[in-house]
file protein03.cif (mmCIF, C-alpha atoms and all ligand atoms)
data_run
#
loop_
_atom_site.label_atom_id
_atom_site.label_comp_id
_atom_site.auth_asym_id
_atom_site.auth_seq_id
_atom_site.Cartn_x
_atom_site.Cartn_y
_atom_site.Cartn_z
CA MET A 1 86.66 116.76 135.68
CA CYS A 2 83.04 115.73 135.17
CA ILE A 3 81.87 112.14 135.50
CA ALA A 4 80.82 111.89 131.80
CA ASN A 5 84.36 112.89 130.74
CA ILE A 6 85.85 110.21 132.99
CA GLY A 7 83.35 107.59 131.75
CA GLY A 8 83.98 108.42 128.08
CA THR A 9 87.75 108.41 128.51
CA VAL A 10 87.78 105.11 130.46
CA TYR A 11 85.50 103.50 127.84
CA PHE A 12 87.79 104.60 125.00
CA TRP A 13 90.99 103.34 126.62
CA LEU A 14 89.37 100.09 127.77
CA MET A 15 87.95 99.23 124.34
CA THR A 16 91.18 100.25 122.57
CA SER A 17 93.31 98.15 124.95
CA ILE A 18 91.08 95.06 124.57
CA LEU A 19 90.99 95.32 120.77
CA VAL A 20 94.74 95.93 120.43
CA MET A 21 95.54 93.09 122.86
CA VAL A 22 93.25 90.60 121.05
CA LEU A 23 94.54 91.62 117.61
CA PHE A 24 98.23 91.38 118.52
CA SER A 25 98.12 88.33 120.78
CA VAL A 26 95.40 86.16 119.21
CA VAL A 27 94.33 87.20 115.71
CA LEU A 28 97.34 88.50 113.74
CA PRO A 29 99.86 85.77 114.76
CA GLU A 30 97.45 83.23 113.24
CA PHE A 31 98.03 84.75 109.79
CA HIS A 32 101.55 83.22 109.72
CA SER A 33 100.59 80.88 106.85
CA ASP A 34 100.26 83.97 104.63
CA THR A 35 103.39 86.05 105.32
CA PHE A 36 102.30 89.01 103.18
CA LEU A 37 98.89 89.24 104.89
CA MET A 38 100.52 88.98 108.35
CA HIS A 39 103.09 91.73 107.69
CA PHE A 40 100.51 93.95 105.98
CA ALA A 41 98.03 93.51 108.85
CA PHE A 42 100.70 94.17 111.54
CA GLY A 43 101.99 97.26 109.69
CA LEU A 44 98.55 98.69 109.01
CA THR A 45 97.37 98.12 112.59
CA LEU A 46 100.48 99.80 114.01
CA TYR A 47 100.14 102.78 111.66
CA ILE A 48 96.46 103.28 112.53
CA ILE A 49 97.15 103.05 116.27
CA LEU A 50 99.94 105.63 115.91
CA GLU A 51 97.66 108.04 113.99
CA MET A 52 94.80 107.54 116.46
CA MET A 53 96.93 108.16 119.53
CA SER A 54 98.85 111.15 118.16
CA ASN A 55 95.64 112.88 117.03
CA TYR A 56 93.92 112.02 120.33
CA PHE A 57 96.67 113.80 122.30
CA MET A 58 96.93 116.71 119.83
CA CYS A 59 93.17 117.22 120.21
CA LEU A 60 93.49 117.07 123.99
CA TYR A 61 96.39 119.51 124.28
CA ASN A 62 95.38 122.06 121.61
CA ARG A 63 92.43 123.55 123.47
CA SER A 64 90.52 126.43 121.96
CA TYR A 65 89.98 128.54 125.08
CA PHE A 66 89.22 132.21 124.66
CA GLU A 67 90.39 134.39 127.56
CA SER A 68 90.28 138.13 127.12
CA GLY A 69 90.92 138.86 130.78
CA LYS A 70 88.32 139.85 133.31
CA ILE A 71 86.27 142.90 132.44
CA SER A 72 84.88 144.80 135.38
CA SER A 73 82.82 147.61 133.90
CA PRO A 74 80.29 147.64 131.05
CA GLN A 75 82.20 150.60 129.52
CA SER A 76 85.52 148.72 129.26
CA ALA A 77 83.74 145.58 128.04
CA LYS A 78 82.08 147.57 125.28
CA LEU A 79 85.45 149.12 124.40
CA LEU A 80 87.06 145.71 124.10
CA SER A 81 84.38 144.23 121.86
CA THR A 82 84.48 147.30 119.60
CA ALA A 83 88.27 147.50 119.56
CA SER A 84 88.45 143.82 118.64
CA GLY A 85 86.50 144.56 115.51
CA GLY A 86 83.27 142.90 116.54
CA LYS A 87 79.70 144.04 116.35
CA ASN A 88 78.66 140.50 117.08
CA TRP A 89 80.40 139.95 120.38
CA ASP A 90 78.23 138.63 123.20
CA TYR A 91 78.79 138.62 126.90
CA CYS A 92 79.54 135.43 128.85
CA VAL A 93 78.32 135.72 132.44
CA PRO A 94 80.31 132.78 133.95
CA CYS A 95 83.61 133.96 132.34
CA GLN A 96 82.76 137.66 132.78
CA GLN A 97 84.03 138.57 129.34
CA TYR A 98 82.82 139.41 125.86
CA TYR A 99 83.42 136.61 123.39
CA PRO A 100 83.84 136.83 119.59
CA PRO A 101 81.52 135.47 116.89
CA ARG A 102 81.34 131.66 116.62
CA ALA A 103 82.65 131.23 120.18
CA HIS A 104 80.39 129.80 122.89
CA HIS A 105 80.69 128.97 126.55
CA CYS A 106 81.06 125.29 127.50
CA PRO A 107 79.58 124.45 130.92
CA VAL A 108 81.74 121.30 131.14
CA CYS A 109 85.08 122.97 130.28
CA LYS A 110 83.96 126.14 132.13
CA HIS A 111 85.57 128.27 129.41
CA CYS A 112 84.52 130.19 126.33
CA ILE A 113 85.63 128.14 123.33
CA LEU A 114 86.71 129.73 120.04
CA LYS A 115 84.53 128.50 117.15
CA ARG A 116 82.96 125.99 119.49
CA ASP A 117 81.61 122.84 117.89
CA THR A 118 80.69 120.24 120.51
CA HIS A 119 82.08 118.84 123.73
CA CYS A 120 83.70 115.44 123.17
CA PHE A 121 83.31 113.20 126.23
CA VAL A 122 85.58 110.49 124.80
CA ILE A 123 88.60 112.83 124.73
CA GLY A 124 87.23 115.00 127.54
CA VAL A 125 87.68 118.29 125.72
CA CYS A 126 85.71 120.83 123.71
CA LEU A 127 86.13 120.75 119.94
CA GLY A 128 86.82 124.19 118.57
CA HIS A 129 88.99 126.35 116.37
CA LYS A 130 92.35 124.76 117.21
CA ASN A 131 91.55 121.08 117.69
CA LEU A 132 88.58 120.12 115.49
CA ARG A 133 91.04 119.05 112.77
CA PHE A 134 92.71 116.53 115.10
CA PHE A 135 89.32 115.18 116.17
CA LEU A 136 88.34 114.67 112.51
CA VAL A 137 91.53 112.77 111.73
CA PHE A 138 91.13 110.82 114.99
CA THR A 139 87.58 109.68 114.09
CA PHE A 140 88.71 108.91 110.54
CA TYR A 141 91.45 106.55 111.75
CA CYS A 142 89.19 105.12 114.48
CA SER A 143 86.65 104.20 111.76
CA VAL A 144 89.31 102.66 109.51
CA GLY A 145 90.97 100.89 112.45
CA LEU A 146 87.72 99.44 113.74
CA PHE A 147 86.76 98.30 110.25
CA CYS A 148 90.14 96.59 109.77
CA GLY A 149 89.93 95.09 113.29
CA ALA A 150 86.53 93.56 112.50
CA LEU A 151 87.84 92.32 109.14
CA PHE A 152 90.94 90.67 110.65
CA MET A 153 88.86 89.03 113.41
CA TRP A 154 86.43 87.87 110.75
CA ILE A 155 89.25 86.26 108.69
CA TYR A 156 90.56 84.61 111.87
CA LEU A 157 87.11 83.22 112.74
CA SER A 158 86.56 81.96 109.20
CA GLN A 159 89.90 80.13 109.29
CA SER A 160 89.70 78.74 112.82
CA HIS A 161 85.97 78.11 113.29
CA GLY A 162 84.22 77.99 109.92
CA ALA A 163 82.99 80.11 107.03
CA ILE A 164 79.77 82.06 107.38
CA VAL A 165 78.10 79.94 104.67
CA SER A 166 78.30 76.71 106.65
CA TRP A 167 76.71 75.11 109.71
CA GLN A 168 79.47 76.65 111.86
CA GLY A 169 78.50 80.02 110.40
CA LEU A 170 75.30 79.94 112.48
CA SER A 171 77.50 80.73 115.48
CA TYR A 172 78.07 84.22 114.05
CA PHE A 173 74.41 85.26 114.48
CA TYR A 174 74.28 86.66 117.96
CA PRO A 175 71.23 85.02 119.55
CA VAL A 176 72.59 81.67 118.30
CA THR A 177 76.10 82.59 119.52
CA LEU A 178 74.79 83.27 123.01
CA PHE A 179 72.60 80.12 123.07
CA GLN A 180 75.46 77.88 121.92
CA TRP A 181 77.85 79.36 124.47
CA ILE A 182 75.36 78.97 127.35
CA THR A 183 74.65 75.35 126.37
CA GLY A 184 78.40 74.67 126.14
CA SER A 185 78.54 73.88 122.40
CA LEU A 186 80.63 76.98 121.58
CA GLN A 187 84.10 77.71 122.96
CA THR A 188 84.42 80.83 125.14
CA ARG A 189 87.25 82.02 122.84
CA ILE A 190 84.95 82.01 119.79
CA PHE A 191 82.06 83.52 121.78
CA GLY A 192 84.34 86.34 122.99
CA LEU A 193 85.63 87.07 119.52
CA VAL A 194 82.16 87.13 117.91
CA THR A 195 80.98 89.48 120.70
CA LEU A 196 84.01 91.70 120.07
CA VAL A 197 83.30 91.80 116.32
CA TYR A 198 79.75 93.04 117.01
CA MET A 199 80.96 95.70 119.47
CA ASP A 200 83.71 96.70 117.05
CA MET A 201 81.24 97.13 114.18
CA MET A 202 78.84 99.23 116.30
CA LEU A 203 81.71 101.51 117.36
CA CYS A 204 82.87 101.70 113.73
CA VAL A 205 79.44 102.95 112.63
CA GLY A 206 79.44 105.48 115.53
CA CYS A 207 82.91 106.84 114.65
CA ALA A 208 82.18 106.96 110.91
CA SER A 209 78.94 108.88 111.61
CA GLN A 210 80.81 111.38 113.78
CA PHE A 211 83.46 111.85 111.09
CA ALA A 212 80.86 112.23 108.31
CA TRP A 213 78.73 114.74 110.26
CA HIS A 214 81.65 116.97 111.20
CA PHE A 215 83.39 116.67 107.83
CA ILE A 216 80.24 117.66 105.91
CA ASN A 217 79.87 120.66 108.24
CA VAL A 218 83.50 121.61 107.56
CA LEU A 219 82.89 121.46 103.80
CA ARG A 220 79.92 123.81 104.31
CA GLY A 221 81.90 126.17 106.55
CA GLN A 222 79.72 125.43 109.58
CA THR A 223 80.12 124.24 113.14
CA SER A 224 77.55 121.74 114.48
CA HIS A 225 75.77 124.62 116.20
CA GLU A 226 75.67 126.64 112.96
CA ALA A 227 74.46 123.58 111.03
CA ASP A 228 71.59 123.15 113.54
CA TYR A 229 70.55 126.78 112.95
CA ASP A 230 71.36 126.72 109.21
CA VAL A 231 73.91 129.56 109.49
CA VAL A 232 75.73 129.93 106.15
CA THR A 233 77.47 133.23 106.92
CA TYR A 234 80.98 131.74 106.99
CA ASP A 235 80.80 129.53 103.90
CA GLN A 236 83.74 130.51 101.63
CA GLY A 237 83.64 127.58 99.23
CA VAL A 238 84.75 123.98 99.80
CA PHE A 239 88.54 124.39 99.50
CA GLN A 240 88.74 127.56 101.58
CA ASN A 241 86.45 125.97 104.18
CA LEU A 242 88.84 123.01 104.39
CA SER A 243 91.80 125.39 104.78
CA GLU A 244 90.01 127.23 107.61
CA VAL A 245 89.94 123.99 109.63
CA PHE A 246 93.03 122.04 108.52
CA GLY A 247 95.36 124.75 107.23
CA ARG A 248 96.39 125.60 103.67
CA PHE A 249 97.73 122.13 102.82
CA TRP A 250 94.68 120.45 104.26
CA ILE A 251 95.61 116.90 103.19
CA ILE A 252 98.80 116.89 105.30
CA PRO A 253 97.07 116.57 108.73
CA PHE A 254 95.56 113.28 107.54
CA PHE A 255 99.08 111.82 107.53
CA LEU A 256 101.01 114.02 109.94
CA PRO A 257 99.43 115.37 113.17
CA TYR A 258 101.14 118.75 112.88
CA PRO A 259 99.29 121.97 113.79
CA LEU A 260 99.58 123.87 110.48
CA GLN A 261 98.91 127.61 110.66
CA LEU A 262 95.24 128.44 110.15
CA PRO A 263 94.00 131.43 108.10
CA SER A 264 91.93 132.77 111.01
CA ASP A 265 93.04 133.49 114.57
CA GLY A 266 89.68 132.19 115.79
CA VAL A 267 88.54 135.69 116.75
CA HIS A 268 88.26 137.46 113.40
CA TRP A 269 86.37 135.84 110.54
CA LYS A 270 85.88 136.66 106.90
CA LYS A 271 82.31 137.45 105.87
CA PRO A 272 80.85 137.81 109.37
CA THR A 273 77.96 139.77 107.92
CA LYS A 274 75.47 138.84 110.61
CA GLY A 275 75.38 137.36 114.06
CA TYR A 276 73.29 134.52 115.27
ZN ZN B 1 82.47 131.63 128.96
ZN ZN B 2 83.66 121.63 126.69
#
call {"tool": "encode", "arguments": {"input": "protein03.cif", "output": "structure tokens", "more": "lines below"}}
Ligand SMILES: [Zn+2]
Ligand SMILES: [Zn+2]
result
Amino acid sequence: MCIANIGGTVYFWLMTSILVMVLFSVVLPEFHSDTFLMHFAFGLTLYIILEMMSNYFMCLYNRSYFESGKISSPQSAKLLSTASGGKNWDYCVPCQQYYPPRAHHCPVCKHCILKRDTHCFVIGVCLGHKNLRFFLVFTFYCSVGLFCGALFMWIYLSQSHGAIVSWQGLSYFYPVTLFQWITGSLQTRIFGLVTLVYMDMMLCVGCASQFAWHFINVLRGQTSHEADYDVVTYDQGVFQNLSEVFGRFWIIPFFLPYPLQLPSDGVHWKKPTKGY
């Protein structure tokens, strides 16, 4: 396992653990004066954590490796690529095999990946034909979860320290936060929470950007690589493009992390009129 994979994975689990711990032990119990808000916040947080974790592990365990078996001679390699219906098959030197259109070799995973998108260092796996859908749902719930986390911490701070439109509200502007904490006029608890809100919001923007970038590519029938090179060969219209990634009932994976059958096997594609 490469060091970037380990770093990304440790960062994800560390941040998730800190946020969940702070929300459940400090922030949410303080909503007891409003029973509806407290139950709603507890329920929503639990649901989002469940969705995040299940899609994280589904993405990790549904790898999109392509292994055609080792090919020793150029003749048999050519036979395989032709027999598999491909004019656009290329040869991967590290894997010693021909790989189908849209697949690429990942130097981190050390495998050819079907419909390779990008390598995700947070999950430590390549995103491809089988698991891009889980990554999309994962980033969607991460964005929503981080937004809700920041909102709940914000409500807590407003109730326990002071509203933003007040003298106490100055403590929420980071240079002031840091200055007040160093000079001892701000409690460490409040300083920690304000710092966490800023980190939470930055991560939220990062996750939402990842979701938006990949989702727009899905709507256009492109991988990130194809979007970079403006390849539109596989665009079959918005709804069919969604089905190619999520399955026929493409809304279901947003609620249930179940691997619905996909129209393509990841090797053969409709409209592969040209290679790239
Ligand atoms: Zn390869
Ligand atoms: Zn990879």
call {"tool": "closest_residue", "arguments": {"input": "protein03.cif", "among": "A:Leu157, A:Val232, A:Cys148, A:Ile182", "to": "Cys204 in chain A", "atoms": "all atoms listed in the file"}}
result
A:Cys148
call {"tool": "closest_atom_pairs", "arguments": {"input": "protein03.cif", "of": "chain A", "to": "ligand ZN 1 (chain B)", "cutoff": "6 Å", "atoms": "only C-alpha atoms and all ligand atoms", "output": "tab-separated table"}}
result
residue	atom	partner	partner_atom	distance
A:Cys92	CA	B:ZN1	ZN	4.8
A:Pro94	CA	B:ZN1	ZN	5.6
A:Cys95	CA	B:ZN1	ZN	4.3
A:His105	CA	B:ZN1	ZN	4.0
A:His111	CA	B:ZN1	ZN	4.6
A:Cys112	CA	B:ZN1	ZN	3.6
call {"tool": "residues_near_ligand", "arguments": {"input": "protein03.cif", "ligand": "ligand ZN 2 (chain B)", "cutoff": "9 Å", "atoms": "all atoms listed in the file", "output": "list of chain:residue names"}}
result
A:His105, A:Cys106, A:Pro107, A:Val108, A:Cys109, A:Lys110, A:His111, A:Cys112, A:Ile113, A:Arg116, A:Thr118, A:His119, A:Cys120, A:Phe121, A:Gly124, A:Val125, A:Cys126, A:Leu127
call {"tool": "residues_around", "arguments": {"input": "protein03.cif", "residues": "Phe246 in chain A", "least_positions_apart": "6", "cutoff": "7 Å", "atoms": "only C-alpha atoms", "output": "VMD selection string"}}
result
chain A and resid 133 253 262
call {"tool": "residues_around", "arguments": {"input": "protein03.cif", "residues": "Val238 in chain A", "least_positions_apart": "5", "cutoff": "8 Å", "atoms": "all atoms listed in the file", "output": "list in words"}}
result
Leu219, Arg220 and Gly221 of chain A
call {"tool": "atom_distance", "arguments": {"input": "protein03.cif", "atom1": "CA of Leu44 in chain A", "atom2": "CA of Leu28 in chain A"}}
result
11.3 Å
call {"tool": "closest_residue", "arguments": {"input": "protein03.cif", "among": "A:Ile216, A:Leu60, A:Leu256, A:Val267", "to": "Trp89 in chain A", "atoms": "all atoms listed in the file"}}
result
A:Val267
call {"tool": "atom_distance", "arguments": {"input": "protein03.cif", "atom1": "CA of Phe254 in chain A", "atom2": "CA of Glu51 in chain A"}}
result
8.6 Å
call {"tool": "atom_distance", "arguments": {"input": "protein03.cif", "atom1": "CA of Leu19 in chain A", "atom2": "CA of Asp200 in chain A"}}
result
8.3 Å
call {"tool": "closest_residue", "arguments": {"input": "protein03.cif", "among": "A:Phe24, A:Phe249, A:Tyr258, A:Gly128", "to": "Gly43 in chain A", "atoms": "only C-alpha atoms"}}
result
A:Phe24
call {"tool": "closest_residue", "arguments": {"input": "protein03.cif", "among": "A:Tyr156, A:Gln261, A:Asn217, A:Phe179", "to": "Val231 in chain A", "atoms": "only C-alpha atoms"}}
result
A:Asn217
call {"tool": "closest_residue", "arguments": {"input": "protein03.cif", "among": "A:His39, A:Arg189, A:His104, A:His32", "to": "Glu67 in chain A", "atoms": "all atoms listed in the file"}}
result
A:His104
call {"tool": "closest_atom_pairs", "arguments": {"input": "protein03.cif", "of": "range 185-245 of chain A", "to": "range 164-169 of chain A", "cutoff": "12 Å", "atoms": "all atoms listed in the file", "output": "JSON lines"}}
result
{"residue": "A:Ser185", "atom": "CA", "partner": "A:Gln168", "partner_atom": "CA", "distance": 10.9}
{"residue": "A:Leu186", "atom": "CA", "partner": "A:Gln168", "partner_atom": "CA", "distance": 9.8}
{"residue": "A:Ile190", "atom": "CA", "partner": "A:Gln168", "partner_atom": "CA", "distance": 11.0}
{"residue": "A:Val194", "atom": "CA", "partner": "A:Gly169", "partner_atom": "CA", "distance": 11.0}
call {"tool": "closest_residue", "arguments": {"input": "protein03.cif", "among": "A:Tyr99, A:Lys130, A:His161, A:Tyr65", "to": "Leu260 in chain A", "atoms": "all atoms listed in the file"}}
result
A:Lys130
